[in-house]
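Q: Below is run19.cif; it holds mmCIF, C-alpha atoms, pLDDT in the B column; chains and numbers go by the auth columns.
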data_target
#
loop_
_atom_site.group_PDB
_atom_site.id
_atom_site.type_symbol
_atom_site.label_atom_id
_atom_site.label_comp_id
_atom_site.label_asym_id
_atom_site.label_seq_id
_atom_site.Cartn_x
_atom_site.Cartn_y
_atom_site.Cartn_z
_atom_site.B_iso_or_equiv
_atom_site.auth_seq_id
_atom_site.auth_asym_id
ATOM 1 C CA MET A 1 119.823 -200.552 -69.394 77.00 1 G
ATOM 2 C CA ARG A 2 117.080 -202.225 -67.378 76.00 2 G
ATOM 3 C CA TYR A 3 119.533 -203.113 -64.601 79.00 3 G
ATOM 4 C CA ASP A 4 121.725 -199.981 -64.862 82.00 4 G
ATOM 5 C CA LEU A 5 124.751 -201.906 -66.081 88.00 5 G
ATOM 6 C CA CYS A 6 127.742 -200.073 -67.528 89.00 6 G
ATOM 7 C CA ALA A 7 127.869 -199.997 -71.328 89.00 7 G
ATOM 8 C CA VAL A 8 131.606 -200.800 -71.241 92.00 8 G
ATOM 9 C CA CYS A 9 132.358 -203.193 -68.362 91.00 9 G
ATOM 10 C CA GLY A 10 128.886 -204.604 -67.656 89.00 10 G
ATOM 11 C CA GLU A 11 129.061 -203.943 -63.892 89.00 11 G
ATOM 12 C CA THR A 12 126.358 -201.995 -62.068 87.00 12 G
ATOM 13 C CA VAL A 13 126.717 -198.222 -62.151 86.00 13 G
ATOM 14 C CA LEU A 14 124.580 -197.730 -59.044 80.00 14 G
ATOM 15 C CA SER A 15 127.284 -198.516 -56.484 66.00 15 G
ATOM 16 C CA TYR A 16 129.620 -195.765 -57.733 55.00 16 G
ATOM 17 C CA GLY A 17 129.510 -192.105 -56.784 54.00 17 G
ATOM 18 C CA ALA A 18 128.207 -190.159 -53.843 51.00 18 G
ATOM 19 C CA ASP A 19 124.682 -189.734 -55.153 72.00 19 G
ATOM 20 C CA ASP A 20 122.050 -191.681 -57.036 80.00 20 G
ATOM 21 C CA ARG A 21 122.732 -190.099 -60.429 90.00 21 G
ATOM 22 C CA THR A 22 124.010 -192.111 -63.365 92.00 22 G
ATOM 23 C CA LEU A 23 126.408 -190.968 -66.060 94.00 23 G
ATOM 24 C CA TYR A 24 125.507 -190.964 -69.753 95.00 24 G
ATOM 25 C CA LEU A 25 127.929 -190.372 -72.620 95.00 25 G
ATOM 26 C CA LEU A 26 126.648 -189.708 -76.131 93.00 26 G
ATOM 27 C CA GLY A 27 128.432 -189.132 -79.396 91.00 27 G
ATOM 28 C CA ALA A 28 126.914 -185.731 -80.172 90.00 28 G
ATOM 29 C CA ASP A 29 127.686 -182.042 -80.603 89.00 29 G
ATOM 30 C CA THR A 30 124.847 -180.576 -78.557 93.00 30 G
ATOM 31 C CA PRO A 31 124.456 -180.989 -74.782 94.00 31 G
ATOM 32 C CA ILE A 32 122.110 -183.662 -73.468 95.00 32 G
ATOM 33 C CA ALA A 33 118.717 -182.024 -72.993 95.00 33 G
ATOM 34 C CA GLU A 34 116.138 -182.556 -70.273 97.00 34 G
ATOM 35 C CA GLY A 35 113.757 -185.301 -71.424 96.00 35 G
ATOM 36 C CA GLU A 36 116.003 -186.392 -74.305 94.00 36 G
ATOM 37 C CA THR A 37 115.623 -190.031 -75.324 93.00 37 G
ATOM 38 C CA THR A 38 118.513 -192.418 -75.865 93.00 38 G
ATOM 39 C CA THR A 39 119.370 -196.051 -76.462 92.00 39 G
ATOM 40 C CA ALA A 40 122.782 -195.556 -74.833 92.00 40 G
ATOM 41 C CA PRO A 41 123.216 -197.298 -71.468 93.00 41 G
ATOM 42 C CA PRO A 42 124.819 -195.502 -68.503 94.00 42 G
ATOM 43 C CA LEU A 43 128.471 -196.014 -67.672 94.00 43 G
ATOM 44 C CA HIS A 44 131.142 -195.417 -65.047 92.00 44 G
ATOM 45 C CA SER A 45 133.307 -192.314 -65.303 92.00 45 G
ATOM 46 C CA VAL A 46 136.446 -194.468 -65.700 93.00 46 G
ATOM 47 C CA CYS A 47 134.781 -196.402 -68.522 94.00 47 G
ATOM 48 C CA ALA A 48 133.594 -193.137 -70.114 94.00 48 G
ATOM 49 C CA VAL A 49 137.131 -191.715 -70.144 95.00 49 G
ATOM 50 C CA GLU A 50 138.461 -194.980 -71.593 94.00 50 G
ATOM 51 C CA SER A 51 135.782 -194.819 -74.290 94.00 51 G
ATOM 52 C CA ILE A 52 136.643 -191.221 -75.187 95.00 52 G
ATOM 53 C CA ASP A 53 140.344 -192.052 -75.338 94.00 53 G
ATOM 54 C CA THR A 54 139.942 -195.172 -77.508 94.00 54 G
ATOM 55 C CA CYS A 55 136.866 -194.598 -79.693 92.00 55 G
ATOM 56 C CA PRO A 56 137.560 -192.339 -82.711 92.00 56 G
ATOM 57 C CA PRO A 57 133.938 -191.099 -83.084 90.00 57 G
ATOM 58 C CA LEU A 58 133.827 -190.149 -79.371 92.00 58 G
ATOM 59 C CA ARG A 59 137.224 -188.425 -79.650 90.00 59 G
ATOM 60 C CA ARG A 60 135.720 -186.240 -82.391 92.00 60 G
ATOM 61 C CA SER A 61 132.521 -185.341 -80.553 92.00 61 G
ATOM 62 C CA HIS A 62 130.863 -186.323 -77.291 94.00 62 G
ATOM 63 C CA VAL A 63 128.690 -184.974 -74.513 96.00 63 G
ATOM 64 C CA ALA A 64 128.203 -186.291 -71.001 96.00 64 G
ATOM 65 C CA ALA A 65 125.694 -185.701 -68.230 96.00 65 G
ATOM 66 C CA LEU A 66 124.734 -186.962 -64.810 95.00 66 G
ATOM 67 C CA VAL A 67 121.084 -188.029 -64.815 95.00 67 G
ATOM 68 C CA GLU A 68 118.795 -188.374 -61.802 93.00 68 G
ATOM 69 C CA TYR A 69 116.103 -190.493 -63.424 92.00 69 G
ATOM 70 C CA SER A 70 115.912 -192.462 -66.676 92.00 70 G
ATOM 71 C CA PRO A 71 112.547 -194.239 -67.060 94.00 71 G
ATOM 72 C CA LEU A 72 111.669 -196.525 -69.935 94.00 72 G
ATOM 73 C CA TRP A 73 110.285 -194.416 -72.772 96.00 73 G
ATOM 74 C CA GLY A 74 109.881 -196.942 -75.569 96.00 74 G
ATOM 75 C CA VAL A 75 111.855 -199.009 -78.044 95.00 75 G
ATOM 76 C CA ALA A 76 114.053 -198.461 -81.086 94.00 76 G
ATOM 77 C CA GLY A 77 113.449 -200.739 -84.006 94.00 77 G
ATOM 78 C CA VAL A 78 111.920 -201.317 -87.403 94.00 78 G
ATOM 79 C CA VAL A 79 108.225 -200.487 -87.716 95.00 79 G
ATOM 80 C CA PHE A 80 106.180 -202.662 -90.060 96.00 80 G
ATOM 81 C CA ASP A 81 103.013 -201.819 -91.963 94.00 81 G
ATOM 82 C CA PRO A 82 100.160 -203.769 -90.274 93.00 82 G
ATOM 83 C CA VAL A 83 98.539 -204.568 -93.647 94.00 83 G
ATOM 84 C CA THR A 84 101.465 -205.392 -95.941 95.00 84 G
ATOM 85 C CA LEU A 85 103.985 -206.371 -93.234 93.00 85 G
ATOM 86 C CA THR A 86 106.678 -204.431 -95.096 94.00 86 G
ATOM 87 C CA PRO A 87 109.047 -202.164 -93.165 92.00 87 G
ATOM 88 C CA LEU A 88 107.896 -198.557 -93.064 90.00 88 G
ATOM 89 C CA PRO A 89 110.401 -195.856 -94.029 87.00 89 G
ATOM 90 C CA ASN A 90 112.074 -194.152 -91.102 80.00 90 G
ATOM 91 C CA PRO A 91 110.970 -190.523 -90.788 77.00 91 G
ATOM 92 C CA GLY A 92 114.353 -189.594 -89.283 71.00 92 G
ATOM 93 C CA PRO A 93 117.306 -187.906 -90.972 70.00 93 G
ATOM 94 C CA ARG A 94 119.078 -191.164 -91.850 68.00 94 G
ATOM 95 C CA PRO A 95 117.101 -193.949 -93.547 64.00 95 G
ATOM 96 C CA ASP A 96 119.001 -196.764 -91.785 71.00 96 G
ATOM 97 C CA ASP A 97 118.346 -195.408 -88.282 83.00 97 G
ATOM 98 C CA LEU A 98 116.011 -197.321 -86.043 90.00 98 G
ATOM 99 C CA GLN A 99 112.732 -195.589 -85.319 91.00 99 G
ATOM 100 C CA HIS A 100 112.001 -194.589 -81.708 92.00 100 G
ATOM 101 C CA VAL A 101 108.483 -195.671 -80.733 95.00 101 G
ATOM 102 C CA HIS A 102 106.862 -194.645 -77.444 96.00 102 G
ATOM 103 C CA VAL A 103 105.388 -197.420 -75.282 95.00 103 G
ATOM 104 C CA GLY A 104 101.944 -195.824 -75.581 96.00 104 G
ATOM 105 C CA ASP A 105 102.060 -195.541 -79.363 96.00 105 G
ATOM 106 C CA LYS A 106 99.892 -197.971 -81.336 95.00 106 G
ATOM 107 C CA GLU A 107 102.853 -198.584 -83.687 94.00 107 G
ATOM 108 C CA ILE A 108 104.685 -200.442 -80.918 96.00 108 G
ATOM 109 C CA ARG A 109 102.638 -203.552 -81.723 96.00 109 G
ATOM 110 C CA TRP A 110 104.176 -203.531 -85.217 97.00 110 G
ATOM 111 C CA THR A 111 107.740 -202.764 -84.162 96.00 111 G
ATOM 112 C CA LEU A 112 110.585 -205.251 -84.197 95.00 112 G
ATOM 113 C CA ALA A 113 112.568 -203.766 -81.325 94.00 113 G
ATOM 114 C CA SER A 114 116.346 -203.839 -81.156 92.00 114 G
ATOM 115 C CA PHE A 115 116.905 -201.582 -78.136 92.00 115 G
ATOM 116 C CA THR A 116 115.026 -200.054 -75.259 93.00 116 G
ATOM 117 C CA VAL A 117 114.783 -196.270 -75.233 94.00 117 G
ATOM 118 C CA HIS A 118 114.955 -194.289 -72.000 94.00 118 G
ATOM 119 C CA SER A 119 114.205 -190.625 -71.376 96.00 119 G
ATOM 120 C CA LEU A 120 116.711 -188.642 -69.340 96.00 120 G
ATOM 121 C CA HIS A 121 115.545 -186.385 -66.484 97.00 121 G
ATOM 122 C CA GLY A 122 117.367 -184.284 -63.909 96.00 122 G
ATOM 123 C CA VAL A 123 120.166 -183.711 -66.415 97.00 123 G
ATOM 124 C CA THR A 124 123.381 -182.036 -65.232 96.00 124 G
ATOM 125 C CA PRO A 125 125.929 -181.545 -68.057 96.00 125 G
ATOM 126 C CA VAL A 126 129.478 -182.750 -67.355 95.00 126 G
ATOM 127 C CA SER A 127 132.509 -181.358 -69.197 94.00 127 G
ATOM 128 C CA THR A 128 135.345 -183.607 -70.325 93.00 128 G
ATOM 129 C CA ASP A 129 137.598 -182.132 -67.635 95.00 129 G
ATOM 130 C CA GLU A 130 134.963 -182.818 -64.960 94.00 130 G
ATOM 131 C CA LEU A 131 134.557 -186.341 -66.336 94.00 131 G
ATOM 132 C CA ARG A 132 138.306 -186.962 -66.014 94.00 132 G
ATOM 133 C CA GLU A 133 138.224 -185.653 -62.413 93.00 133 G
ATOM 134 C CA MET A 134 135.315 -187.976 -61.619 91.00 134 G
ATOM 135 C CA ALA A 135 137.288 -190.892 -63.070 91.00 135 G
ATOM 136 C CA GLU A 136 140.320 -190.056 -60.921 92.00 136 G
ATOM 137 C CA ARG A 137 138.135 -189.959 -57.789 88.00 137 G
ATOM 138 C CA GLN A 138 136.574 -193.296 -58.777 84.00 138 G
ATOM 139 C CA ARG A 139 140.025 -194.849 -59.281 85.00 139 G
ATOM 140 C CA ALA A 140 141.127 -193.564 -55.859 85.00 140 G
ATOM 141 C CA ILE A 141 138.012 -195.019 -54.180 78.00 141 G
ATOM 142 C CA GLU A 142 138.525 -198.370 -55.933 72.00 142 G
ATOM 143 C CA GLY A 143 142.182 -198.385 -54.847 72.00 143 G
ATOM 144 C CA ARG A 144 141.206 -197.860 -51.209 61.00 144 G
ATOM 145 C CA GLN A 145 138.576 -200.613 -51.445 58.00 145 G
ATOM 146 C CA GLU A 146 141.064 -203.073 -52.966 58.00 146 G
ATOM 147 C CA GLY A 147 143.572 -202.263 -50.206 56.00 147 G
ATOM 148 C CA ALA A 148 140.966 -203.020 -47.548 54.00 148 G
ATOM 149 C CA ASP A 149 140.152 -206.422 -49.079 52.00 149 G
#
Output the file's structure as structure tokens, nothing else.

A:
Amino acid sequence: MRYDLCAVCGETVLSYGADDRTLYLLGADTPIAEGETTTAPPLHSVCAVESIDTCPPLRRSHVAALVEYSPLWGVAGVVFDPVTLTPLPNPGPRPDDLQHVHVGDKEIRWTLASFTVHSLHGVTPVSTDELREMAERQRAIEGRQEGAD
């Protein structure tokens, strides 16, 4: 996420598209909200469509959005008690989920991080149909670039 690399192909997502926004795809039922935090990296529209078509959980439920700015918010990991050094229970809905800890939170010193967490700003929701159209435009641009090489 630090270098804006695609979650699927590992190539930069910054060179694609006509603007500076990046695409995020989440397995969820509710639209991506302004300021929402995520551990999911950005991805290309072609890679997003491939993911939706091949990943059963994403076929069941997904949301996508173009995001203008995604600064580092914190980390996701296991928080340990500073006295006993035992893992603290996660206050979230699922006990096995990693806890999101803000960079300014004192608990970050006692967190074994597994992922970075970014907050999403300038969020523009993208429907599945719009996502497929974006992927077709990306494929056409890539085809023209390959023909020029």

Q: Expand the PyMOL selection byres ((chain G and resi 82) around 9) into the explicit residue set it covers here, and present it as a ChimeraX atom specification.

A: /G:80-81,83-86,107,109-110

Q: Of the candidates G:Glu130, G:Asp97, G:Glu11, G:Glu142, which shows the shortest atom-to-atom distance to G:Leu43, using only C-alpha atoms?

A: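 Checking each candidate against G:Leu43, we get G:Glu11 as the closest.
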
Q: What does the structure give for the distance between atom CA of G:His100 and atom CA of G:Ala28, in Å to one decimal?

A: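 Interatomic distance here is 17.4 Å.
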
Q: Can you spell out as a count of residues only the set of residues that the PyMOL selection byres ((chain G and resi 136) around 12) selects in the structure I just provided?

A: 22

Q: Can you list every residue of stretch 84-126 of chain G that has an atom at most 6 Å from stretch 67-74 of chain G, with its nearest atom pair and the distance in Å to one decimal, using only C-alpha atoms, ordered by chain then number, as JSON lines?

A:
{"residue": "G:Val101", "atom": "CA", "partner": "G:Gly74", "partner_atom": "CA", "distance": 5.5}
{"residue": "G:His102", "atom": "CA", "partner": "G:Gly74", "partner_atom": "CA", "distance": 4.2}
{"residue": "G:Val103", "atom": "CA", "partner": "G:Gly74", "partner_atom": "CA", "distance": 4.5}
{"residue": "G:Val117", "atom": "CA", "partner": "G:Gly74", "partner_atom": "CA", "distance": 5.0}
{"residue": "G:His118", "atom": "CA", "partner": "G:Leu72", "partner_atom": "CA", "distance": 4.5}
{"residue": "G:Ser119", "atom": "CA", "partner": "G:Ser70", "partner_atom": "CA", "distance": 5.3}
{"residue": "G:Leu120", "atom": "CA", "partner": "G:Ser70", "partner_atom": "CA", "distance": 4.7}
{"residue": "G:His121", "atom": "CA", "partner": "G:Tyr69", "partner_atom": "CA", "distance": 5.2}
{"residue": "G:Gly122", "atom": "CA", "partner": "G:Glu68", "partner_atom": "CA", "distance": 4.8}
{"residue": "G:Val123", "atom": "CA", "partner": "G:Val67", "partner_atom": "CA", "distance": 4.7}

Q: Give me, as a list of chain:residue names, all polymer residues having an atom no more than 9 Å from G:Leu112, counting all atoms listed in the file and skipping those fewer than 5 positions away in the same chain.

A: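 What passes the distance filter is G:Val75, G:Ala76, G:Gly77, G:Val78, G:Val79, G:Phe80.
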
Q: Give me a file of those residues, with C-alpha atoms, as an mmCIF file, keeping the file's coordinate frame.

A:
data_model
loop_
_atom_site.group_PDB
_atom_site.id
_atom_site.type_symbol
_atom_site.label_atom_id
_atom_site.label_comp_id
_atom_site.auth_asym_id
_atom_site.auth_seq_id
_atom_site.Cartn_x
_atom_site.Cartn_y
_atom_site.Cartn_z
ATOM 1 C CA VAL G 75 111.855 -199.009 -78.044
ATOM 2 C CA ALA G 76 114.053 -198.461 -81.086
ATOM 3 C CA GLY G 77 113.449 -200.739 -84.006
ATOM 4 C CA VAL G 78 111.920 -201.317 -87.403
ATOM 5 C CA VAL G 79 108.225 -200.487 -87.716
ATOM 6 C CA PHE G 80 106.180 -202.662 -90.060
#

Q: Atom CA of G:Ser114 and atom CA of G:Asp20, how far apart in Å?

A: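 Going from atom CA of G:Asp20 over to atom CA of G:Ser114, I get 27.6 Å.
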
Q: Can you pull out the residues contacting G:Pro57? Cut-off 7 Å, using all atoms listed in the file, and skip same-chain residues under 3 positions away; I want them as a list in words.

A: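 What passes the distance filter is Gly27, Arg60 and Ser61 of chain G.
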
Q: Using Å and a single decimal, report how far atom CA of G:Ala40 sits from atom CA of G:Lys106.

A: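 Computing the Euclidean distance for atom CA of G:Lys106 and atom CA of G:Ala40 yields 23.9 Å.
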
Q: Give me the box for stretch 99-102 of chain G as lines of an AutoDock Vina configuration file, namely the centre and edge lengths in Å to one decimal of a box along x, y and z that holds every listed atom plus 3 Å on each side.

A:
center_x = 109.8
center_y = -195.1
center_z = -81.4
size_x = 11.9
size_y = 7.1
size_z = 13.9

Q: Which residues fall under the PyMOL selection byres ((chain G and resi 33) around 12) in this file, as a VMD selection string?

A: chain G and resid 24 26 28 to 32 34 to 38 63 to 67 119 to 125

Q: Now that the selection is made, can you save its residues with C-alpha atoms as a PDB file, in the coordinates of the input?

A:
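Result file follows (selection_39.pdb):
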ATOM      1  CA  TYR G  24     125.507-190.964 -69.753  1.00 95.00           C
ATOM      2  CA  LEU G  26     126.648-189.708 -76.131  1.00 93.00           C
ATOM      3  CA  ALA G  28     126.914-185.731 -80.172  1.00 90.00           C
ATOM      4  CA  ASP G  29     127.686-182.042 -80.603  1.00 89.00           C
ATOM      5  CA  THR G  30     124.847-180.576 -78.557  1.00 93.00           C
ATOM      6  CA  PRO G  31     124.456-180.989 -74.782  1.00 94.00           C
ATOM      7  CA  ILE G  32     122.110-183.662 -73.468  1.00 95.00           C
ATOM      8  CA  GLU G  34     116.138-182.556 -70.273  1.00 97.00           C
ATOM      9  CA  GLY G  35     113.757-185.301 -71.424  1.00 96.00           C
ATOM     10  CA  GLU G  36     116.003-186.392 -74.305  1.00 94.00           C
ATOM     11  CA  THR G  37     115.623-190.031 -75.324  1.00 93.00           C
ATOM     12  CA  THR G  38     118.513-192.418 -75.865  1.00 93.00           C
ATOM     13  CA  VAL G  63     128.690-184.974 -74.513  1.00 96.00           C
ATOM     14  CA  ALA G  64     128.203-186.291 -71.001  1.00 96.00           C
ATOM     15  CA  ALA G  65     125.694-185.701 -68.230  1.00 96.00           C
ATOM     16  CA  LEU G  66     124.734-186.962 -64.810  1.00 95.00           C
ATOM     17  CA  VAL G  67     121.084-188.029 -64.815  1.00 95.00           C
ATOM     18  CA  SER G 119     114.205-190.625 -71.376  1.00 96.00           C
ATOM     19  CA  LEU G 120     116.711-188.642 -69.340  1.00 96.00           C
ATOM     20  CA  HIS G 121     115.545-186.385 -66.484  1.00 97.00           C
ATOM     21  CA  GLY G 122     117.367-184.284 -63.909  1.00 96.00           C
ATOM     22  CA  VAL G 123     120.166-183.711 -66.415  1.00 97.00           C
ATOM     23  CA  THR G 124     123.381-182.036 -65.232  1.00 96.00           C
ATOM     24  CA  PRO G 125     125.929-181.545 -68.057  1.00 96.00           C
TER      25      PRO G 125
END

Q: Out of G:Asp19, G:Thr111, G:Ser127, G:Ser51, which residue has the shortest atom-to-atom distance to G:Asn90 when counting all atoms listed in the file?

A: G:Thr111

Q: So that I can check the surroundings of G:Val13, please list as a list of chain:residue names every protein, DNA and RNA residue that reaches within 8 Å of it, counting only C-alpha atoms and ignoring chain neighbours fewer than 4 positions away.

A: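 Counting only C-alpha atoms, the residues come to G:Asp4, G:Leu5, G:Cys6, G:Thr22, G:Pro42, G:Leu43, G:His44.
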